[in-house]
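Peer 1: PDB, C-alpha atoms, file upload.pdb:
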```
ATOM      1  CA  MET A   1      13.787 -14.718 -21.509  1.00  0.00           C
ATOM      2  CA  LEU A   2      10.765 -15.819 -19.549  1.00  0.00           C
ATOM      3  CA  SER A   3      10.425 -19.422 -18.433  1.00  0.00           C
ATOM      4  CA  THR A   4       7.224 -21.423 -18.655  1.00  0.00           C
ATOM      5  CA  ARG A   5       6.835 -20.951 -14.914  1.00  0.00           C
ATOM      6  CA  ASP A   6       7.136 -17.154 -15.341  1.00  0.00           C
ATOM      7  CA  LEU A   7       4.480 -17.161 -18.076  1.00  0.00           C
ATOM      8  CA  VAL A   8       2.110 -19.229 -15.951  1.00  0.00           C
ATOM      9  CA  GLN A   9       2.577 -16.918 -12.952  1.00  0.00           C
ATOM     10  CA  ILE A  10       2.035 -13.825 -15.113  1.00  0.00           C
ATOM     11  CA  ALA A  11      -1.168 -15.332 -16.530  1.00  0.00           C
ATOM     12  CA  LEU A  12      -2.309 -16.366 -13.048  1.00  0.00           C
ATOM     13  CA  PHE A  13      -1.951 -12.844 -11.686  1.00  0.00           C
ATOM     14  CA  ALA A  14      -3.643 -11.332 -14.747  1.00  0.00           C
ATOM     15  CA  ALA A  15      -6.520 -13.717 -13.994  1.00  0.00           C
ATOM     16  CA  LEU A  16      -6.461 -12.719 -10.309  1.00  0.00           C
ATOM     17  CA  ILE A  17      -6.831  -9.057 -11.263  1.00  0.00           C
ATOM     18  CA  ALA A  18      -9.715 -10.045 -13.561  1.00  0.00           C
ATOM     19  CA  VAL A  19     -11.436 -12.055 -10.809  1.00  0.00           C
ATOM     20  CA  MET A  20     -11.187  -9.050  -8.497  1.00  0.00           C
ATOM     21  CA  GLY A  21     -13.182  -7.200 -11.145  1.00  0.00           C
ATOM     22  CA  LEU A  22     -16.116  -9.493 -10.353  1.00  0.00           C
ATOM     23  CA  ILE A  23     -16.501  -7.722  -7.032  1.00  0.00           C
ATOM     24  CA  PRO A  24     -19.125  -5.099  -7.836  1.00  0.00           C
ATOM     25  CA  LYS A  25     -17.781  -1.614  -8.459  1.00  0.00           C
ATOM     26  CA  PHE A  26     -18.914   1.238  -6.299  1.00  0.00           C
ATOM     27  CA  ASP A  27     -19.584   4.502  -8.117  1.00  0.00           C
ATOM     28  CA  LEU A  28     -19.719   7.840  -6.369  1.00  0.00           C
ATOM     29  CA  PRO A  29     -21.140  10.844  -8.221  1.00  0.00           C
ATOM     30  CA  PHE A  30     -18.160  13.093  -7.476  1.00  0.00           C
ATOM     31  CA  THR A  31     -15.357  10.751  -8.633  1.00  0.00           C
ATOM     32  CA  ALA A  32     -15.533  11.827 -12.294  1.00  0.00           C
ATOM     33  CA  GLY A  33     -16.537   8.369 -13.560  1.00  0.00           C
ATOM     34  CA  VAL A  34     -13.756   6.430 -11.812  1.00  0.00           C
ATOM     35  CA  PRO A  35     -15.223   3.572  -9.739  1.00  0.00           C
ATOM     36  CA  ILE A  36     -13.994   2.178  -6.441  1.00  0.00           C
ATOM     37  CA  THR A  37     -12.786  -1.375  -7.173  1.00  0.00           C
ATOM     38  CA  ALA A  38     -10.828  -4.221  -5.582  1.00  0.00           C
ATOM     39  CA  GLN A  39      -8.550  -4.604  -8.611  1.00  0.00           C
ATOM     40  CA  THR A  40      -5.820  -2.349  -7.232  1.00  0.00           C
ATOM     41  CA  LEU A  41      -5.203  -5.033  -4.602  1.00  0.00           C
ATOM     42  CA  GLY A  42      -4.434  -7.480  -7.419  1.00  0.00           C
ATOM     43  CA  VAL A  43      -2.045  -4.970  -8.973  1.00  0.00           C
ATOM     44  CA  MET A  44      -0.218  -4.558  -5.651  1.00  0.00           C
ATOM     45  CA  LEU A  45      -0.013  -8.318  -5.114  1.00  0.00           C
ATOM     46  CA  ALA A  46       1.285  -8.896  -8.654  1.00  0.00           C
ATOM     47  CA  GLY A  47       4.209  -6.552  -8.072  1.00  0.00           C
ATOM     48  CA  LEU A  48       4.937  -7.792  -4.570  1.00  0.00           C
ATOM     49  CA  ILE A  49       4.798 -11.496  -5.313  1.00  0.00           C
ATOM     50  CA  LEU A  50       6.057 -11.638  -8.903  1.00  0.00           C
ATOM     51  CA  GLY A  51       8.563  -8.814  -8.649  1.00  0.00           C
ATOM     52  CA  PRO A  52       8.725  -5.634 -10.725  1.00  0.00           C
ATOM     53  CA  LYS A  53       9.148  -7.070 -14.228  1.00  0.00           C
ATOM     54  CA  ARG A  54       6.731  -9.984 -14.052  1.00  0.00           C
ATOM     55  CA  GLY A  55       4.221  -7.961 -11.996  1.00  0.00           C
ATOM     56  CA  ALA A  56       4.129  -5.239 -14.655  1.00  0.00           C
ATOM     57  CA  LEU A  57       3.818  -7.913 -17.366  1.00  0.00           C
ATOM     58  CA  ALA A  58       0.825  -9.431 -15.534  1.00  0.00           C
ATOM     59  CA  VAL A  59      -0.905  -6.037 -15.576  1.00  0.00           C
ATOM     60  CA  LEU A  60       0.001  -5.549 -19.255  1.00  0.00           C
ATOM     61  CA  LEU A  61      -1.511  -8.936 -20.067  1.00  0.00           C
ATOM     62  CA  PHE A  62      -4.639  -8.039 -18.121  1.00  0.00           C
ATOM     63  CA  LEU A  63      -4.946  -4.721 -19.988  1.00  0.00           C
ATOM     64  CA  PHE A  64      -4.445  -6.525 -23.311  1.00  0.00           C
ATOM     65  CA  VAL A  65      -7.361  -8.805 -22.431  1.00  0.00           C
ATOM     66  CA  VAL A  66      -9.420  -5.714 -21.560  1.00  0.00           C
ATOM     67  CA  ALA A  67      -8.487  -4.084 -24.890  1.00  0.00           C
ATOM     68  CA  MET A  68      -9.580  -7.243 -26.721  1.00  0.00           C
ATOM     69  CA  GLY A  69     -13.055  -6.695 -25.301  1.00  0.00           C
ATOM     70  CA  ALA A  70     -13.218  -8.994 -22.298  1.00  0.00           C
ATOM     71  CA  PRO A  71     -15.513  -7.429 -19.690  1.00  0.00           C
ATOM     72  CA  VAL A  72     -13.073  -7.996 -16.822  1.00  0.00           C
ATOM     73  CA  LEU A  73     -12.841  -4.482 -15.417  1.00  0.00           C
ATOM     74  CA  SER A  74     -15.037  -3.843 -12.424  1.00  0.00           C
ATOM     75  CA  GLY A  75     -18.637  -3.415 -13.486  1.00  0.00           C
ATOM     76  CA  GLY A  76     -18.200  -5.648 -16.530  1.00  0.00           C
ATOM     77  CA  ARG A  77     -16.366  -3.044 -18.589  1.00  0.00           C
ATOM     78  CA  GLY A  78     -13.946  -3.915 -21.353  1.00  0.00           C
ATOM     79  CA  GLY A  79     -12.948  -2.988 -24.877  1.00  0.00           C
ATOM     80  CA  LEU A  80     -10.932  -0.144 -26.323  1.00  0.00           C
ATOM     81  CA  GLY A  81     -13.443   2.444 -25.108  1.00  0.00           C
ATOM     82  CA  VAL A  82     -12.221   2.218 -21.518  1.00  0.00           C
ATOM     83  CA  PHE A  83      -8.847   3.528 -22.691  1.00  0.00           C
ATOM     84  CA  PHE A  84     -10.493   6.787 -23.769  1.00  0.00           C
ATOM     85  CA  GLY A  85     -12.394   7.459 -20.540  1.00  0.00           C
ATOM     86  CA  PRO A  86     -11.466   9.022 -17.216  1.00  0.00           C
ATOM     87  CA  THR A  87      -9.958   5.759 -15.907  1.00  0.00           C
ATOM     88  CA  ILE A  88      -7.143   5.706 -18.505  1.00  0.00           C
ATOM     89  CA  GLY A  89      -4.585   7.234 -16.135  1.00  0.00           C
ATOM     90  CA  PHE A  90      -5.315   4.667 -13.450  1.00  0.00           C
ATOM     91  CA  LEU A  91      -5.133   1.781 -15.939  1.00  0.00           C
ATOM     92  CA  ILE A  92      -1.729   2.934 -17.192  1.00  0.00           C
ATOM     93  CA  GLY A  93      -0.725   3.666 -13.602  1.00  0.00           C
ATOM     94  CA  TRP A  94      -1.402   0.041 -12.715  1.00  0.00           C
ATOM     95  CA  ILE A  95       1.550  -1.022 -14.873  1.00  0.00           C
ATOM     96  CA  ALA A  96       3.913   1.444 -13.204  1.00  0.00           C
ATOM     97  CA  GLY A  97       2.365   0.731  -9.805  1.00  0.00           C
ATOM     98  CA  ALA A  98       2.937  -3.034 -10.047  1.00  0.00           C
ATOM     99  CA  TRP A  99       6.527  -2.425 -11.141  1.00  0.00           C
ATOM    100  CA  ALA A 100       7.100   0.098  -8.321  1.00  0.00           C
ATOM    101  CA  CYS A 101       5.540  -2.173  -5.660  1.00  0.00           C
ATOM    102  CA  GLY A 102       7.856  -4.986  -6.660  1.00  0.00           C
ATOM    103  CA  ALA A 103      10.993  -2.855  -6.973  1.00  0.00           C
ATOM    104  CA  ILE A 104      10.464  -0.987  -3.715  1.00  0.00           C
ATOM    105  CA  PHE A 105       9.617  -4.177  -1.820  1.00  0.00           C
ATOM    106  CA  GLN A 106      12.754  -5.926  -3.110  1.00  0.00           C
ATOM    107  CA  TRP A 107      14.872  -2.908  -2.207  1.00  0.00           C
ATOM    108  CA  LEU A 108      13.393  -2.544   1.288  1.00  0.00           C
ATOM    109  CA  ILE A 109      13.402  -6.244   2.186  1.00  0.00           C
ATOM    110  CA  GLY A 110      17.084  -6.389   1.240  1.00  0.00           C
ATOM    111  CA  ARG A 111      17.819  -3.657   3.777  1.00  0.00           C
ATOM    112  CA  MET A 112      15.485  -4.673   6.579  1.00  0.00           C
ATOM    113  CA  PRO A 113      14.475  -8.341   6.196  1.00  0.00           C
ATOM    114  CA  GLU A 114      13.203  -8.479   9.774  1.00  0.00           C
ATOM    115  CA  ARG A 115      10.579  -5.834   8.945  1.00  0.00           C
ATOM    116  CA  ARG A 116       8.682  -7.655   6.230  1.00  0.00           C
ATOM    117  CA  PHE A 117       5.240  -6.211   7.022  1.00  0.00           C
ATOM    118  CA  LEU A 118       6.589  -2.655   7.050  1.00  0.00           C
ATOM    119  CA  SER A 119       8.499  -3.263   3.802  1.00  0.00           C
ATOM    120  CA  VAL A 120       5.366  -4.486   2.044  1.00  0.00           C
ATOM    121  CA  LEU A 121       3.250  -1.688   3.454  1.00  0.00           C
ATOM    122  CA  LEU A 122       5.682   1.033   2.338  1.00  0.00           C
ATOM    123  CA  ALA A 123       5.980  -0.567  -1.108  1.00  0.00           C
ATOM    124  CA  CYS A 124       2.177  -0.535  -1.416  1.00  0.00           C
ATOM    125  CA  TRP A 125       1.852   3.051  -0.247  1.00  0.00           C
ATOM    126  CA  VAL A 126       4.450   4.330  -2.679  1.00  0.00           C
ATOM    127  CA  GLY A 127       3.913   1.975  -5.624  1.00  0.00           C
ATOM    128  CA  GLY A 128       0.301   0.950  -5.190  1.00  0.00           C
ATOM    129  CA  ILE A 129      -1.078   4.342  -4.230  1.00  0.00           C
ATOM    130  CA  LEU A 130       1.285   7.256  -4.943  1.00  0.00           C
ATOM    131  CA  VAL A 131       2.592   6.023  -8.311  1.00  0.00           C
ATOM    132  CA  ILE A 132      -0.865   4.998  -9.519  1.00  0.00           C
ATOM    133  CA  TYR A 133      -2.308   8.376  -8.510  1.00  0.00           C
ATOM    134  CA  CYS A 134       0.533  10.163 -10.341  1.00  0.00           C
ATOM    135  CA  PHE A 135      -0.948   8.661 -13.515  1.00  0.00           C
ATOM    136  CA  GLY A 136      -4.610   8.516 -12.495  1.00  0.00           C
ATOM    137  CA  VAL A 137      -5.166  12.112 -11.439  1.00  0.00           C
ATOM    138  CA  PRO A 138      -3.785  13.647 -14.654  1.00  0.00           C
ATOM    139  CA  GLY A 139      -5.821  11.071 -16.595  1.00  0.00           C
ATOM    140  CA  ILE A 140      -9.012  12.264 -14.931  1.00  0.00           C
ATOM    141  CA  SER A 141      -8.059  15.860 -15.629  1.00  0.00           C
ATOM    142  CA  LEU A 142      -7.327  15.147 -19.302  1.00  0.00           C
ATOM    143  CA  ARG A 143     -10.518  13.162 -19.921  1.00  0.00           C
ATOM    144  CA  THR A 144     -12.889  15.437 -17.979  1.00  0.00           C
ATOM    145  CA  GLU A 145     -13.221  19.154 -17.476  1.00  0.00           C
ATOM    146  CA  LEU A 146     -11.643  19.023 -14.017  1.00  0.00           C
ATOM    147  CA  THR A 147      -8.463  20.877 -13.135  1.00  0.00           C
ATOM    148  CA  LEU A 148      -5.622  18.846 -11.633  1.00  0.00           C
ATOM    149  CA  SER A 149      -6.468  20.087  -8.144  1.00  0.00           C
ATOM    150  CA  LYS A 150     -10.148  19.193  -8.542  1.00  0.00           C
ATOM    151  CA  ALA A 151      -9.214  15.807  -9.999  1.00  0.00           C
ATOM    152  CA  MET A 152      -7.026  15.187  -6.938  1.00  0.00           C
ATOM    153  CA  MET A 153      -9.863  16.197  -4.647  1.00  0.00           C
ATOM    154  CA  ALA A 154     -12.202  13.807  -6.491  1.00  0.00           C
ATOM    155  CA  SER A 155      -9.590  11.032  -6.231  1.00  0.00           C
ATOM    156  CA  SER A 156      -8.977  11.538  -2.527  1.00  0.00           C
ATOM    157  CA  VAL A 157     -12.103   9.510  -1.799  1.00  0.00           C
ATOM    158  CA  PHE A 158     -10.186   6.404  -2.958  1.00  0.00           C
ATOM    159  CA  ILE A 159      -7.331   6.796  -0.453  1.00  0.00           C
ATOM    160  CA  PRO A 160      -8.964   5.136   2.604  1.00  0.00           C
ATOM    161  CA  GLY A 161      -9.861   2.063   0.525  1.00  0.00           C
ATOM    162  CA  ASP A 162      -6.383   1.945  -0.989  1.00  0.00           C
ATOM    163  CA  ILE A 163      -4.863   2.073   2.484  1.00  0.00           C
ATOM    164  CA  LEU A 164      -7.076  -0.863   3.515  1.00  0.00           C
ATOM    165  CA  LYS A 165      -6.002  -2.775   0.367  1.00  0.00           C
ATOM    166  CA  SER A 166      -2.347  -2.093   1.189  1.00  0.00           C
ATOM    167  CA  LEU A 167      -2.842  -3.406   4.734  1.00  0.00           C
ATOM    168  CA  LEU A 168      -4.489  -6.537   3.350  1.00  0.00           C
ATOM    169  CA  ALA A 169      -1.641  -6.986   0.829  1.00  0.00           C
ATOM    170  CA  ALA A 170       0.938  -6.582   3.602  1.00  0.00           C
ATOM    171  CA  TRP A 171      -0.859  -9.129   5.754  1.00  0.00           C
ATOM    172  CA  LEU A 172      -1.151 -11.633   2.875  1.00  0.00           C
ATOM    173  CA  VAL A 173       2.448 -11.294   1.684  1.00  0.00           C
ATOM    174  CA  THR A 174       3.750 -11.545   5.251  1.00  0.00           C
ATOM    175  CA  ARG A 175       1.786 -14.772   5.731  1.00  0.00           C
ATOM    176  CA  LEU A 176       2.940 -16.327   2.445  1.00  0.00           C
ATOM    177  CA  ARG A 177       6.614 -16.399   3.472  1.00  0.00           C
ATOM    178  CA  LEU A 178       7.742 -15.837  -0.097  1.00  0.00           C
ATOM    179  CA  ARG A 179      11.309 -16.123  -1.258  1.00  0.00           C
ATOM    180  CA  THR A 180      12.803 -12.689  -1.853  1.00  0.00           C
TER     181      THR A 180
END
```
Just give me the structure of the file as structure tokens.
Peer 2:
Amino acid sequence: MLSTRDLVQIALFAALIAVMGLIPKFDLPFTAGVPITAQTLGVMLAGLILGPKRGALAVLLFLFVVAMGAPVLSGGRGGLGVFFGPTIGFLIGWIAGAWACGAIFQWLIGRMPERRFLSVLLACWVGGILVIYCFGVPGISLRTELTLSKAMMASSVFIPGDILKSLLAAWLVTRLRLRT
């Protein structure tokens, strides 16, 4: 059962992910229609700060708002149509990624509490990058005419930005001194 506080935090992080969609998207011609956005940072932060369950619920709420037509994805996109395009794998991957970020962070911080920055960074790399790509790359391949290997090559352009987002998330979470 979720408390009122849990519901407010879930809604707050769904809104944070939406606000990060206001940062203009950056399209590259060879990324198969998947834009570079800041919203993955919000997904990482949701999992890290709210934990696996509530972080995933925040992303689910955000995606529900998108499905209802709100133009809160980067570039002002929204509606059911986005769930039939090349970004579908990444959108679904956000749910698993938020959960994985939270679960991995909780597991690591329990074993090495003195290494908070490293714990957050590893959680972001595995949950916020690897897990999301495990959904995103096949999604690109299924919704375009690219093979899995070509979809991975097209997606590799996102990795430097995702590493920067994970460093920013690690810095922010380390500074917040959250209870774990």
Peer 1: Starting from the PyMOL selection byres ((chain A and resi 96) around 12), expand the selection into actual residues of this file and give them as a count of residues only.
Peer 2: 39
Peer 1: Considering only C-alpha atoms, state which residue in the set A:Gly79, A:Val65, A:Phe105, A:Leu41 is at the smallest distance from Leu167 of chain A.
Peer 2: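 Selected residue with least distance to Leu167 of chain A: A:Leu41.
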Peer 1: Could you check which of A:Phe158, A:Leu164, A:Glu145, A:Gln9 is closest to Ile49 of chain A, using only C-alpha atoms?
Peer 2: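 Checking each candidate against Ile49 of chain A, we get A:Gln9 as the closest.
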Peer 1: Could you tell me which of A:Ala170, A:Ala151, A:Leu61, A:Leu80 comes closest to Arg115 of chain A if we count only C-alpha atoms?
Peer 2: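 Using only C-alpha atoms, Arg115 of chain A sits closest to A:Ala170.
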Peer 1: Near Arg143 of chain A, within 8 Å and counting all atoms listed in the file, which residues show up once chain neighbours fewer than 5 positions away are dropped, as a list in words?
Peer 2: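 My list of contacting residues is Phe84, Gly85 and Pro86 of chain A.
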Peer 1: Go through A:Val120, A:Phe64, A:Arg175, A:Ser141 and flag the residue nearest Ala11 of chain A, using only C-alpha atoms for the distances.
Peer 2: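 Counting only C-alpha atoms, the residue closest to Ala11 of chain A is A:Phe64.
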Peer 1: List, as a list in words, every residue that the PyMOL selection byres ((chain A and resi 171-173) around 10) selects in the file provided.
Peer 2: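 Here the PyMOL selection byres ((chain A and resi 171-173) around 10) matches Leu45, Leu48, Ile49, Arg116, Phe117, Leu118, Val120, Leu121, Lys165, Ser166, Leu167, Leu168, Ala169, Ala170, Thr174, Arg175, Leu176, Arg177 and Leu178 of chain A.
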Peer 1: Keeping only C-alpha atoms, take the residues you just selected and write them out as a short mmCIF file (atom, residue, chain, number, x, y, z; two decimals), keeping the file's coordinate frame.
Peer 2:
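Final output, again08.cif:
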```
data_model
loop_
_atom_site.label_atom_id
_atom_site.label_comp_id
_atom_site.auth_asym_id
_atom_site.auth_seq_id
_atom_site.Cartn_x
_atom_site.Cartn_y
_atom_site.Cartn_z
CA LEU A 45 -0.01 -8.32 -5.11
CA LEU A 48 4.94 -7.79 -4.57
CA ILE A 49 4.80 -11.50 -5.31
CA ARG A 116 8.68 -7.66 6.23
CA PHE A 117 5.24 -6.21 7.02
CA LEU A 118 6.59 -2.66 7.05
CA VAL A 120 5.37 -4.49 2.04
CA LEU A 121 3.25 -1.69 3.45
CA LYS A 165 -6.00 -2.78 0.37
CA SER A 166 -2.35 -2.09 1.19
CA LEU A 167 -2.84 -3.41 4.73
CA LEU A 168 -4.49 -6.54 3.35
CA ALA A 169 -1.64 -6.99 0.83
CA ALA A 170 0.94 -6.58 3.60
CA THR A 174 3.75 -11.54 5.25
CA ARG A 175 1.79 -14.77 5.73
CA LEU A 176 2.94 -16.33 2.44
CA ARG A 177 6.61 -16.40 3.47
CA LEU A 178 7.74 -15.84 -0.10
#
```
Peer 1: With all atoms listed in the file as the counted atoms, please give the residues lying no more than 6 Å from segment 18-25 of chain A, apart from itself and same-chain residues fewer than 3 positions off, as a list in words.
Peer 2: Ala15, Pro35, Ile36, Thr37, Ala38, Gln39, Val72, Leu73, Ser74 and Gly75 of chain A
Peer 1: From the set A:Val157, A:Gly110, A:Gly139, A:Thr4, which residue has the shortest atom-to-atom contact distance to Val82 of chain A, counting only C-alpha atoms?
Peer 2: A:Gly139
Peer 1: For atom CA of Asp6 of chain A and atom CA of Ile88 of chain A, quote the distance in Å rounded to one decimal.
Peer 2: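 Between these atoms lies a distance of 27.1 Å.
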Peer 1: Report, in Å with one decimal, the straight-line distance from atom CA of Ile10 of chain A to atom CA of Phe62 of chain A.
Peer 2: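 Going from atom CA of Ile10 of chain A over to atom CA of Phe62 of chain A, I get 9.3 Å.
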Peer 1: Quick check, in Å to one decimal: how far apart do atom CA of Lys150 of chain A and atom CA of Asp162 of chain A lie?
Peer 2: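 Here the two named atoms are 19.2 Å from each other.
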Peer 1: Pick the closest to Ile17 of chain A from A:Leu122, A:Leu108, A:Met68, A:Leu63: which is it, counting all atoms listed in the file?
Peer 2: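 Counting all atoms listed in the file, the residue closest to Ile17 of chain A is A:Leu63.
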Peer 1: Report as a short mmCIF file (atom, residue, chain, number, x, y, z; two decimals) with C-alpha atoms, keeping the file's coordinate frame all protein, DNA and RNA residues lying within 10 Å of Leu148 of chain A, evaluated on only C-alpha atoms, omitting residues in the same chain fewer than 6 positions from it.
Peer 2:
```cif
data_model
loop_
_atom_site.label_atom_id
_atom_site.label_comp_id
_atom_site.auth_asym_id
_atom_site.auth_seq_id
_atom_site.Cartn_x
_atom_site.Cartn_y
_atom_site.Cartn_z
CA VAL A 137 -5.17 12.11 -11.44
CA PRO A 138 -3.78 13.65 -14.65
CA GLY A 139 -5.82 11.07 -16.60
CA ILE A 140 -9.01 12.26 -14.93
CA SER A 141 -8.06 15.86 -15.63
CA LEU A 142 -7.33 15.15 -19.30
CA ALA A 154 -12.20 13.81 -6.49
#
```
Peer 1: Adding 3 Å on each side of the box along x, y and z that holds all listed atoms of segment 148-166 of chain A, could you give its centre and edge lengths in Å to one decimal, as lines of an AutoDock Vina configuration file?
Peer 2:
```
center_x = -7.3
center_y = 8.7
center_z = -4.1
size_x = 15.9
size_y = 28.9
size_z = 21.1
```
